[in-house]
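What follows is protein_22.json (JSON, C-alpha atoms and all ligand atoms).
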[["chain", "number", "residue", "atom", "x", "y", "z"],
["A", 1, "MET", "CA", 125.93, 82.43, 92.13],
["A", 2, "LYS", "CA", 123.02, 83.58, 94.29],
["A", 3, "ARG", "CA", 119.70, 83.49, 92.45],
["A", 4, "GLU", "CA", 117.96, 86.82, 92.16],
["A", 5, "ASN", "CA", 114.71, 87.05, 94.05],
["A", 6, "PHE", "CA", 111.82, 88.96, 92.51],
["A", 7, "ARG", "CA", 109.16, 88.05, 95.05],
["A", 8, "ILE", "CA", 108.33, 91.32, 96.63],
["A", 9, "LEU", "CA", 104.60, 91.21, 97.29],
["A", 10, "ARG", "CA", 102.23, 88.86, 99.02],
["A", 11, "TYR", "CA", 99.45, 88.41, 96.53],
["A", 12, "PRO", "CA", 96.26, 86.43, 97.19],
["A", 13, "GLY", "CA", 95.42, 84.68, 93.92],
["A", 14, "GLY", "CA", 99.02, 85.22, 92.76],
["A", 15, "LYS", "CA", 100.50, 82.65, 90.42],
["A", 16, "GLN", "CA", 103.91, 82.20, 92.07],
["A", 17, "ARG", "CA", 103.33, 78.60, 93.13],
["A", 18, "MET", "CA", 101.75, 77.59, 89.85],
["A", 19, "LEU", "CA", 104.42, 79.03, 87.57],
["A", 20, "ALA", "CA", 105.73, 75.73, 86.23],
["A", 21, "HIS", "CA", 102.21, 74.63, 85.32],
["A", 22, "ILE", "CA", 101.43, 77.89, 83.53],
["A", 23, "VAL", "CA", 104.66, 78.84, 81.79],
["A", 24, "GLN", "CA", 104.84, 75.57, 79.81],
["A", 25, "HIS", "CA", 101.68, 76.65, 77.96],
["A", 26, "LEU", "CA", 102.96, 80.12, 77.07],
["A", 27, "PRO", "CA", 105.15, 80.94, 74.08],
["A", 28, "PRO", "CA", 108.87, 81.13, 74.96],
["A", 29, "PRO", "CA", 109.70, 84.83, 75.53],
["A", 30, "LYS", "CA", 112.14, 84.87, 72.59],
["A", 31, "THR", "CA", 109.27, 84.09, 70.21],
["A", 32, "ILE", "CA", 107.28, 87.16, 71.32],
["A", 33, "ARG", "CA", 108.04, 89.61, 68.52],
["A", 34, "ALA", "CA", 106.87, 92.79, 70.25],
["A", 35, "ARG", "CA", 105.64, 93.21, 73.85],
["A", 36, "PHE", "CA", 104.57, 90.86, 76.62],
["A", 37, "VAL", "CA", 101.39, 92.56, 77.87],
["A", 38, "GLU", "CA", 99.89, 91.76, 81.28],
["A", 39, "PRO", "CA", 96.72, 93.77, 82.10],
["A", 40, "PHE", "CA", 96.04, 92.16, 85.53],
["A", 41, "LEU", "CA", 99.55, 92.48, 86.90],
["A", 42, "GLY", "CA", 99.12, 91.99, 90.68],
["A", 43, "GLY", "CA", 102.36, 90.51, 92.05],
["A", 44, "GLY", "CA", 103.59, 89.93, 88.48],
["A", 45, "ALA", "CA", 104.72, 86.33, 89.06],
["A", 46, "VAL", "CA", 104.49, 85.36, 85.38],
["A", 47, "PHE", "CA", 106.20, 88.53, 84.14],
["A", 48, "PHE", "CA", 109.16, 88.09, 86.52],
["A", 49, "ALA", "CA", 109.48, 84.39, 85.63],
["A", 50, "LEU", "CA", 109.43, 84.95, 81.86],
["A", 51, "ASN", "CA", 111.66, 88.04, 81.81],
["A", 52, "PRO", "CA", 110.50, 89.21, 78.37],
["A", 53, "SER", "CA", 112.66, 91.78, 76.60],
["A", 54, "ARG", "CA", 109.79, 94.29, 76.25],
["A", 55, "ALA", "CA", 106.62, 94.56, 78.31],
["A", 56, "LEU", "CA", 103.54, 96.59, 79.11],
["A", 57, "LEU", "CA", 102.33, 95.90, 82.64],
["A", 58, "ALA", "CA", 99.05, 97.24, 83.95],
["A", 59, "ASP", "CA", 96.59, 96.96, 86.80],
["A", 60, "LEU", "CA", 93.50, 98.87, 87.89],
["A", 61, "ASN", "CA", 95.01, 99.42, 91.35],
["A", 62, "PRO", "CA", 96.88, 102.77, 91.18],
["A", 63, "GLU", "CA", 98.71, 102.15, 94.49],
["A", 64, "LEU", "CA", 100.18, 98.97, 93.07],
["A", 65, "ILE", "CA", 101.38, 100.67, 89.89],
["A", 66, "ASP", "CA", 102.76, 103.55, 91.98],
["A", 67, "LEU", "CA", 104.69, 100.98, 94.01],
["A", 68, "TYR", "CA", 106.30, 99.50, 90.90],
["A", 69, "ARG", "CA", 107.07, 103.00, 89.57],
["A", 70, "GLY", "CA", 108.68, 103.91, 92.89],
["A", 71, "LEU", "CA", 110.71, 100.70, 92.97],
["A", 72, "ARG", "CA", 111.87, 101.24, 89.40],
["A", 73, "ARG", "CA", 113.01, 104.81, 89.85],
["A", 74, "TYR", "CA", 114.01, 105.10, 93.52],
["A", 75, "PRO", "CA", 114.94, 101.63, 94.83],
["A", 76, "GLU", "CA", 117.45, 102.87, 97.43],
["A", 77, "GLU", "CA", 115.06, 105.52, 98.79],
["A", 78, "VAL", "CA", 112.18, 103.01, 98.96],
["A", 79, "TRP", "CA", 114.39, 100.60, 100.92],
["A", 80, "ARG", "CA", 115.57, 103.39, 103.24],
["A", 81, "VAL", "CA", 112.00, 104.44, 104.09],
["A", 82, "PHE", "CA", 110.67, 100.86, 104.25],
["A", 83, "ARG", "CA", 113.22, 99.69, 106.81],
["A", 84, "ARG", "CA", 112.48, 102.63, 109.12],
["A", 85, "LEU", "CA", 108.71, 102.16, 109.23],
["A", 86, "PRO", "CA", 107.31, 101.03, 112.61],
["A", 87, "THR", "CA", 107.44, 97.52, 114.02],
["A", 88, "THR", "CA", 104.36, 97.72, 116.26],
["A", 89, "LYS", "CA", 100.65, 97.23, 115.71],
["A", 90, "ARG", "CA", 100.00, 100.83, 116.72],
["A", 91, "GLY", "CA", 102.63, 102.01, 114.25],
["A", 92, "TYR", "CA", 100.99, 99.94, 111.49],
["A", 93, "TYR", "CA", 97.71, 101.81, 111.94],
["A", 94, "GLN", "CA", 99.53, 105.15, 111.90],
["A", 95, "VAL", "CA", 101.16, 104.26, 108.58],
["A", 96, "ARG", "CA", 97.85, 102.94, 107.24],
["A", 97, "ASP", "CA", 96.16, 106.24, 108.12],
["A", 98, "MET", "CA", 98.81, 108.50, 106.59],
["A", 99, "ASP", "CA", 97.62, 111.12, 104.13],
["A", 100, "VAL", "CA", 99.22, 109.73, 100.96],
["A", 101, "SER", "CA", 98.80, 113.03, 99.15],
["A", 102, "LEU", "CA", 101.58, 114.38, 101.42],
["A", 103, "LEU", "CA", 104.04, 111.62, 100.46],
["A", 104, "ASP", "CA", 106.46, 111.62, 97.54],
["A", 105, "LEU", "CA", 106.74, 108.62, 95.18],
["A", 106, "PRO", "CA", 109.38, 106.70, 97.20],
["A", 107, "GLY", "CA", 107.35, 107.36, 100.39],
["A", 108, "ARG", "CA", 104.14, 106.08, 98.82],
["A", 109, "ALA", "CA", 105.91, 103.03, 97.40],
["A", 110, "ALA", "CA", 107.53, 102.19, 100.77],
["A", 111, "ARG", "CA", 104.17, 102.58, 102.55],
["A", 112, "THR", "CA", 102.37, 100.29, 100.10],
["A", 113, "LEU", "CA", 105.12, 97.68, 100.34],
["A", 114, "TYR", "CA", 105.05, 97.90, 104.16],
["A", 115, "LEU", "CA", 101.24, 97.55, 104.32],
["A", 116, "ASN", "CA", 101.35, 94.56, 101.98],
["A", 117, "ARG", "CA", 104.05, 92.83, 104.05],
["A", 118, "THR", "CA", 102.52, 93.50, 107.47],
["A", 119, "CYS", "CA", 98.74, 93.52, 106.89],
["A", 120, "PHE", "CA", 96.49, 90.53, 107.44],
["A", 121, "LYS", "CA", 97.31, 87.84, 104.82],
["A", 122, "GLY", "CA", 98.55, 90.32, 102.23],
["A", 123, "MET", "CA", 95.01, 91.31, 101.34],
["A", 124, "TRP", "CA", 94.14, 94.43, 99.32],
["A", 125, "ARG", "CA", 90.86, 95.94, 100.44],
["A", 126, "HIS", "CA", 89.68, 99.53, 100.38],
["A", 127, "ASN", "CA", 86.72, 101.22, 102.00],
["A", 128, "ALA", "CA", 84.11, 103.33, 100.19],
["A", 129, "GLU", "CA", 86.46, 106.35, 100.29],
["A", 130, "GLY", "CA", 89.20, 104.33, 98.60],
["A", 131, "LYS", "CA", 91.32, 104.01, 101.78],
["A", 132, "PHE", "CA", 93.23, 100.79, 102.43],
["A", 133, "ASN", "CA", 91.44, 99.15, 105.38],
["A", 134, "VAL", "CA", 93.01, 95.73, 106.02],
["A", 135, "GLY", "CA", 93.86, 95.02, 109.68],
["A", 136, "TYR", "CA", 97.29, 94.31, 111.15],
["A", 137, "GLY", "CA", 98.87, 90.90, 110.44],
["A", 138, "GLY", "CA", 102.29, 91.08, 112.14],
["A", 139, "GLN", "CA", 105.96, 91.57, 111.23],
["A", 140, "ASP", "CA", 106.80, 87.94, 110.36],
["A", 141, "ARG", "CA", 106.72, 88.43, 106.60],
["A", 142, "ARG", "CA", 108.24, 91.87, 106.48],
["A", 143, "TRP", "CA", 111.95, 91.06, 106.31],
["A", 144, "VAL", "CA", 111.53, 88.57, 103.49],
["A", 145, "VAL", "CA", 112.06, 91.77, 101.52],
["A", 146, "SER", "CA", 115.71, 92.84, 101.39],
["A", 147, "ARG", "CA", 117.65, 95.62, 99.73],
["A", 148, "SER", "CA", 119.04, 93.27, 97.07],
["A", 149, "ASN", "CA", 115.55, 91.98, 96.43],
["A", 150, "ILE", "CA", 114.35, 95.55, 95.80],
["A", 151, "LEU", "CA", 117.32, 96.28, 93.54],
["A", 152, "SER", "CA", 116.63, 93.14, 91.46],
["A", 153, "VAL", "CA", 112.99, 94.10, 90.99],
["A", 154, "SER", "CA", 113.98, 97.66, 90.13],
["A", 155, "LYS", "CA", 116.40, 96.49, 87.44],
["A", 156, "ARG", "CA", 113.83, 94.15, 85.95],
["A", 157, "LEU", "CA", 111.28, 96.96, 85.73],
["A", 158, "ARG", "CA", 113.57, 99.35, 83.89],
["A", 159, "LYS", "CA", 112.63, 98.03, 80.49],
["A", 160, "VAL", "CA", 108.85, 97.98, 80.96],
["A", 161, "SER", "CA", 105.96, 100.41, 80.61],
["A", 162, "LEU", "CA", 103.62, 100.61, 83.58],
["A", 163, "LYS", "CA", 100.03, 101.73, 83.39],
["A", 164, "ALA", "CA", 97.26, 102.14, 85.99],
["A", 165, "SER", "CA", 94.21, 101.30, 83.95],
["A", 166, "ASP", "CA", 91.23, 99.09, 83.35],
["A", 167, "PHE", "CA", 92.03, 96.01, 81.23],
["A", 168, "GLU", "CA", 89.89, 97.10, 78.28],
["A", 169, "GLU", "CA", 92.10, 100.04, 77.36],
["A", 170, "VAL", "CA", 95.22, 97.87, 77.63],
["A", 171, "ILE", "CA", 93.82, 95.08, 75.44],
["A", 172, "GLU", "CA", 92.63, 97.60, 72.87],
["A", 173, "GLU", "CA", 96.10, 99.06, 72.45],
["A", 174, "CYS", "CA", 97.70, 95.67, 71.66],
["A", 175, "SER", "CA", 98.95, 95.04, 68.15],
["A", 176, "SER", "CA", 99.35, 91.75, 66.32],
["A", 177, "GLN", "CA", 102.95, 91.11, 67.37],
["A", 178, "ASP", "CA", 102.21, 91.50, 71.09],
["A", 179, "PHE", "CA", 101.46, 88.57, 73.39],
["A", 180, "LEU", "CA", 98.80, 89.00, 76.09],
["A", 181, "PHE", "CA", 98.83, 87.10, 79.36],
["A", 182, "LEU", "CA", 95.76, 87.63, 81.55],
["A", 183, "ASP", "CA", 95.07, 86.59, 85.11],
["A", 184, "PRO", "CA", 91.78, 88.30, 86.05],
["A", 185, "PRO", "CA", 90.35, 88.03, 89.56],
["A", 186, "TYR", "CA", 88.33, 84.86, 90.03],
["A", 187, "ARG", "CA", 87.64, 82.34, 92.70],
["A", 188, "PRO", "CA", 87.10, 78.74, 91.62],
["A", 189, "GLY", "CA", 83.92, 77.13, 92.88],
["A", 190, "GLY", "CA", 81.51, 78.63, 95.36],
["A", 191, "ARG", "CA", 78.46, 80.81, 95.09],
["A", 192, "GLU", "CA", 80.43, 83.74, 93.75],
["A", 193, "MET", "CA", 80.56, 82.05, 90.37],
["A", 194, "THR", "CA", 76.84, 82.45, 89.66],
["A", 195, "HIS", "CA", 75.95, 85.49, 87.58],
["A", 196, "GLY", "CA", 74.79, 88.05, 90.13],
["A", 197, "HIS", "CA", 77.05, 86.90, 92.93],
["A", 198, "TYR", "CA", 80.40, 86.85, 91.22],
["A", 199, "THR", "CA", 81.83, 89.96, 92.76],
["A", 200, "TYR", "CA", 85.20, 88.84, 94.11],
["A", 201, "LEU", "CA", 87.35, 91.98, 94.23],
["A", 202, "GLN", "CA", 84.42, 93.76, 92.56],
["A", 203, "PHE", "CA", 85.12, 91.83, 89.36],
["A", 204, "THR", "CA", 81.60, 90.98, 88.28],
["A", 205, "TYR", "CA", 80.21, 88.60, 85.71],
["A", 206, "ALA", "CA", 79.57, 91.67, 83.55],
["A", 207, "ASP", "CA", 83.33, 92.33, 83.71],
["A", 208, "HIS", "CA", 84.01, 88.79, 82.51],
["A", 209, "LYS", "CA", 81.69, 89.42, 79.56],
["A", 210, "ARG", "CA", 83.47, 92.70, 78.84],
["A", 211, "LEU", "CA", 86.79, 90.84, 79.01],
["A", 212, "ALA", "CA", 85.55, 88.17, 76.58],
["A", 213, "ALA", "CA", 84.45, 90.90, 74.13],
["A", 214, "ALA", "CA", 87.83, 92.67, 74.40],
["A", 215, "LEU", "CA", 89.63, 89.36, 73.73],
["A", 216, "ARG", "CA", 87.45, 88.70, 70.68],
["A", 217, "GLY", "CA", 88.64, 92.09, 69.42],
["A", 218, "ALA", "CA", 92.27, 91.12, 70.14],
["A", 219, "SER", "CA", 91.86, 87.80, 68.27],
["A", 220, "ARG", "CA", 90.44, 89.67, 65.26],
["A", 221, "LYS", "CA", 93.60, 91.79, 65.20],
["A", 222, "GLY", "CA", 95.76, 88.64, 65.32],
["A", 223, "VAL", "CA", 96.99, 89.14, 68.91],
["A", 224, "ARG", "CA", 97.88, 85.86, 70.65],
["A", 225, "TRP", "CA", 96.56, 85.60, 74.20],
["A", 226, "ALA", "CA", 96.38, 83.19, 77.13],
["A", 227, "MET", "CA", 94.28, 83.61, 80.25],
["A", 228, "THR", "CA", 94.11, 81.73, 83.54],
["A", 229, "THR", "CA", 90.55, 81.53, 84.74],
["A", 230, "SER", "CA", 87.90, 79.40, 86.42],
["A", 231, "SER", "CA", 86.60, 76.28, 84.70],
["A", 232, "HIS", "CA", 83.06, 77.22, 85.71],
["A", 233, "PRO", "CA", 80.69, 76.72, 82.72],
["A", 234, "ASP", "CA", 79.42, 80.31, 83.02],
["A", 235, "ILE", "CA", 82.95, 81.54, 82.41],
["A", 236, "LEU", "CA", 83.94, 79.00, 79.73],
["A", 237, "LYS", "CA", 80.84, 79.61, 77.67],
["A", 238, "LEU", "CA", 82.11, 83.13, 77.07],
["A", 239, "PHE", "CA", 85.01, 81.67, 75.04],
["A", 240, "PRO", "CA", 83.48, 79.25, 72.52],
["A", 241, "GLY", "CA", 85.95, 77.44, 70.26],
["A", 242, "LYS", "CA", 89.00, 78.45, 72.28],
["A", 243, "ARG", "CA", 91.57, 75.93, 73.52],
["A", 244, "VAL", "CA", 91.10, 75.13, 77.21],
["A", 245, "VAL", "CA", 93.86, 73.42, 79.22],
["A", 246, "SER", "CA", 93.10, 72.22, 82.75],
["A", 247, "LEU", "CA", 95.59, 73.18, 85.41],
["A", 248, "ARG", "CA", 96.08, 70.20, 87.67],
["A", 249, "HIS", "CA", 97.22, 72.39, 90.54],
["A", 250, "GLY", "CA", 95.62, 75.66, 91.42],
["A", 251, "THR", "CA", 95.22, 78.38, 93.99],
["A", 252, "GLY", "CA", 91.88, 76.98, 95.19],
["A", 253, "ARG", "CA", 89.60, 78.78, 97.59],
["A", 254, "ARG", "CA", 92.11, 79.40, 100.34],
["A", 255, "PRO", "CA", 94.72, 82.02, 99.51],
["A", 256, "GLY", "CA", 98.27, 80.67, 99.42],
["A", 257, "ILE", "CA", 97.25, 76.98, 99.47],
["A", 258, "LEU", "CA", 97.67, 74.89, 96.31],
["A", 259, "THR", "CA", 94.96, 72.36, 95.61],
["A", 260, "LYS", "CA", 94.71, 69.39, 93.27],
["A", 261, "ARG", "CA", 91.73, 69.51, 90.87],
["A", 262, "SER", "CA", 91.84, 73.25, 91.09],
["A", 263, "GLY", "CA", 88.96, 74.10, 88.80],
["A", 264, "GLU", "CA", 91.39, 76.48, 87.09],
["A", 265, "VAL", "CA", 92.18, 76.47, 83.40],
["A", 266, "ILE", "CA", 94.19, 78.29, 80.79],
["A", 267, "VAL", "CA", 92.09, 79.50, 77.87],
["A", 268, "CYS", "CA", 94.08, 80.53, 74.81],
["A", 269, "ASN", "CA", 93.65, 81.41, 71.16],
["A", 270, "TYR", "CA", 96.69, 79.58, 69.75],
["A", 271, "ASP", "CA", 97.76, 75.97, 69.20],
["A", 272, "GLU", "CA", 99.77, 73.94, 71.66],
["A", 273, "VAL", "CA", 103.26, 75.35, 72.24],
["A", 274, "LYS", "CA", 105.98, 73.05, 70.79],
["A", 275, "ARG", "CA", 109.24, 73.09, 72.76],
["A", 301, "LIG", "C1", 94.48, 87.51, 90.38],
["A", 301, "LIG", "S1", 95.23, 89.09, 90.55],
["A", 301, "LIG", "C2", 96.65, 88.92, 89.52],
["A", 301, "LIG", "C3", 97.72, 88.15, 90.23],
["A", 301, "LIG", "C4", 99.02, 88.03, 89.46],
["A", 301, "LIG", "N1", 98.87, 87.24, 88.27],
["A", 301, "LIG", "C5", 100.12, 87.43, 90.34],
["A", 301, "LIG", "O1", 100.70, 86.39, 90.03],
["A", 301, "LIG", "O2", 100.39, 88.04, 91.39],
["A", 301, "LIG", "C6", 94.16, 90.10, 89.62],
["A", 301, "LIG", "C7", 94.56, 91.57, 89.53],
["A", 301, "LIG", "O3", 93.58, 92.23, 88.70],
["A", 301, "LIG", "C8", 93.45, 93.57, 89.13],
["A", 301, "LIG", "N2", 92.16, 94.07, 88.60],
["A", 301, "LIG", "C9", 90.91, 93.94, 89.12],
["A", 301, "LIG", "N3", 90.00, 94.50, 88.30],
["A", 301, "LIG", "C10", 90.68, 95.00, 87.23],
["A", 301, "LIG", "C11", 90.29, 95.68, 86.04],
["A", 301, "LIG", "N4", 89.02, 95.99, 85.78],
["A", 301, "LIG", "N5", 91.27, 96.03, 85.14],
["A", 301, "LIG", "C12", 92.58, 95.74, 85.40],
["A", 301, "LIG", "N6", 93.00, 95.10, 86.53],
["A", 301, "LIG", "C13", 92.07, 94.73, 87.42],
["A", 301, "LIG", "C14", 93.53, 93.48, 90.65],
["A", 301, "LIG", "O4", 93.95, 94.74, 91.18],
["A", 301, "LIG", "C15", 94.57, 92.35, 90.83],
["A", 301, "LIG", "O5", 95.86, 92.90, 91.01]]

Translate the structure of the given file into structure tokens.
Ligand SMILES: C[S@@+](CC[C@H](N)C(=O)[O-])C[C@H]1O[C@@H](n2cnc3c(N)ncnc32)[C@H](O)[C@@H]1O
Amino acid sequence: MKRENFRILRYPGGKQRMLAHIVQHLPPPKTIRARFVEPFLGGGAVFFALNPSRALLADLNPELIDLYRGLRRYPEEVWRVFRRLPTTKRGYYQVRDMDVSLLDLPGRAARTLYLNRTCFKGMWRHNAEGKFNVGYGGQDRRWVVSRSNILSVSKRLRKVSLKASDFEEVIEECSSQDFLFLDPPYRPGGREMTHGHYTYLQFTYADHKRLAAALRGASRKGVRWAMTTSSHPDILKLFPGKRVVSLRHGTGRRPGILTKRSGEVIVCNYDEVKR
């Protein structure tokens, strides 16, 4: 039988290649009594790999959540629009410059998927007016997405709640039976890790402190959580007394390339998972 393929997005910092290293430290999905909650969804590699029976998936990026909503509800329409979008550089810029307020949900979803598959390195970057402004990358990675791929993703999303929101609101609404998996933006090593400079994807050191406070609140409520993050001391000192597992392979500084001695860790508030 052909294996279903849930890889729909190119996602810098995505966890697709590190799944085996991460999943072994998470509770088996059957032991999650209520929801699997992922507040920094991105490409959703961990969600698709675990296939939990109930989930709340969220991200601050409204275009991304709109894409998943479109795929869930209108997979055939999204595919139909996606496959007809232009194949030239000029066409790419026309699609990029479309007025999204004039598009319906399948149209917006197809456009976002198209931009992700054909922009430079699958980056997400917006200008001051909130408009996607990544340059053209080519058509090579576009047809990795197929109709059956879209239908598989759509089916998998049917049983989940999707929310475009900051992480704090999502963590606050967790209850003790939920399990939280978090993969906030970070970049191991480099200048960005020092307090004032850590602004990768606008996720500042102040955001990391806010995240640590929200997770303290979750722990007080009895919510189990695990987070992939940088092993930088400035980050780890925000989580005193928590279990820290080094990930031997990580995403490193260059998107898409796995490195040994990644500088990435999993921080969690529960004991080692017995299998
Ligand atoms: C490292 S990526 C997650 C990648 C994902 N785990 C995967 O495998 O594809 C981090 C995500 O956090 C989102 N994000 C950034 N700031 C956020 C915030 N304040 N609240 C919620 N999500 C945020 C970004 O839009 C991005 O999708």

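The shortest atom-to-atom distance to ligand LIG 301 (chain A), with only C-alpha atoms and all ligand atoms taken into account, belongs to A:Val170 out of A:Val134, A:Leu50, A:Val170, A:Ala218.
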
Using all atoms listed in the file, find each protein or nucleic acid residue lying at most 7 Å from ligand LIG 301 (chain A); present the set as a PyMOL selection string.
-> chain A and resi 11+13-16+39-46+58-61+165-167+183-186+201+203

Write out as a count of residues only each polymer residue whose atoms come within 8 Å of Arg111 of chain A, counting only C-alpha atoms; drop sequence neighbours fewer than 5 positions from it.
-> 3

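Interatomic distance, atom CA of Thr204 of chain A against atom CA of Glu168 of chain A: 14.4 Å.
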
Between segment 94-145 of chain A and segment 74-81 of chain A, at 10 Å or less, what are the per-residue closest atom pairs and their distances in Å? Count all atoms listed in the file, order by chain and rising residue number, and return it as CSV.
residue,atom,partner,partner_atom,distance
A:Leu105,CA,A:Tyr74,CA,8.2
A:Pro106,CA,A:Val78,CA,5.0
A:Gly107,CA,A:Val81,CA,6.6
A:Arg108,CA,A:Val78,CA,8.6
A:Ala109,CA,A:Val78,CA,6.5
A:Ala110,CA,A:Val78,CA,5.1
A:Arg111,CA,A:Val81,CA,8.2
A:Leu113,CA,A:Val78,CA,9.0
A:Tyr114,CA,A:Val81,CA,9.5
A:Val145,CA,A:Trp79,CA,9.2

In terms of the shortest atom-to-atom distance over all atoms listed in the file, which of A:Leu57, A:Pro62, A:Leu157, A:Gly138 is closest to Tyr93 of chain A?
-> A:Gly138

Name all residues at most 10 Å from Val265 of chain A (count only C-alpha atoms; drop same-chain ones fewer than 4 positions away) and give them as an mmCIF file with C-alpha atoms, in the frame of the given file.
data_model
loop_
_atom_site.group_PDB
_atom_site.id
_atom_site.type_symbol
_atom_site.label_atom_id
_atom_site.label_comp_id
_atom_site.auth_asym_id
_atom_site.auth_seq_id
_atom_site.Cartn_x
_atom_site.Cartn_y
_atom_site.Cartn_z
ATOM 1 C CA ILE A 22 101.430 77.890 83.530
ATOM 2 C CA PRO A 188 87.100 78.740 91.620
ATOM 3 C CA MET A 227 94.280 83.610 80.250
ATOM 4 C CA THR A 228 94.110 81.730 83.540
ATOM 5 C CA THR A 229 90.550 81.530 84.740
ATOM 6 C CA SER A 230 87.900 79.400 86.420
ATOM 7 C CA SER A 231 86.600 76.280 84.700
ATOM 8 C CA HIS A 232 83.060 77.220 85.710
ATOM 9 C CA LEU A 236 83.940 79.000 79.730
ATOM 10 C CA ARG A 243 91.570 75.930 73.520
ATOM 11 C CA VAL A 244 91.100 75.130 77.210
ATOM 12 C CA VAL A 245 93.860 73.420 79.220
ATOM 13 C CA SER A 246 93.100 72.220 82.750
ATOM 14 C CA LEU A 247 95.590 73.180 85.410
ATOM 15 C CA ARG A 248 96.080 70.200 87.670
ATOM 16 C CA HIS A 249 97.220 72.390 90.540
ATOM 17 C CA GLY A 250 95.620 75.660 91.420
#

So how many Å separate atom CA of Leu215 of chain A and atom CA of Asn269 of chain A, to one decimal?
-> 9.3 Å

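For the residues A:Arg72, A:Arg10, A:Arg142, A:Lys237, ranking by smallest atom-to-atom distance to Lys121 of chain A using only C-alpha atoms places A:Arg10 first.
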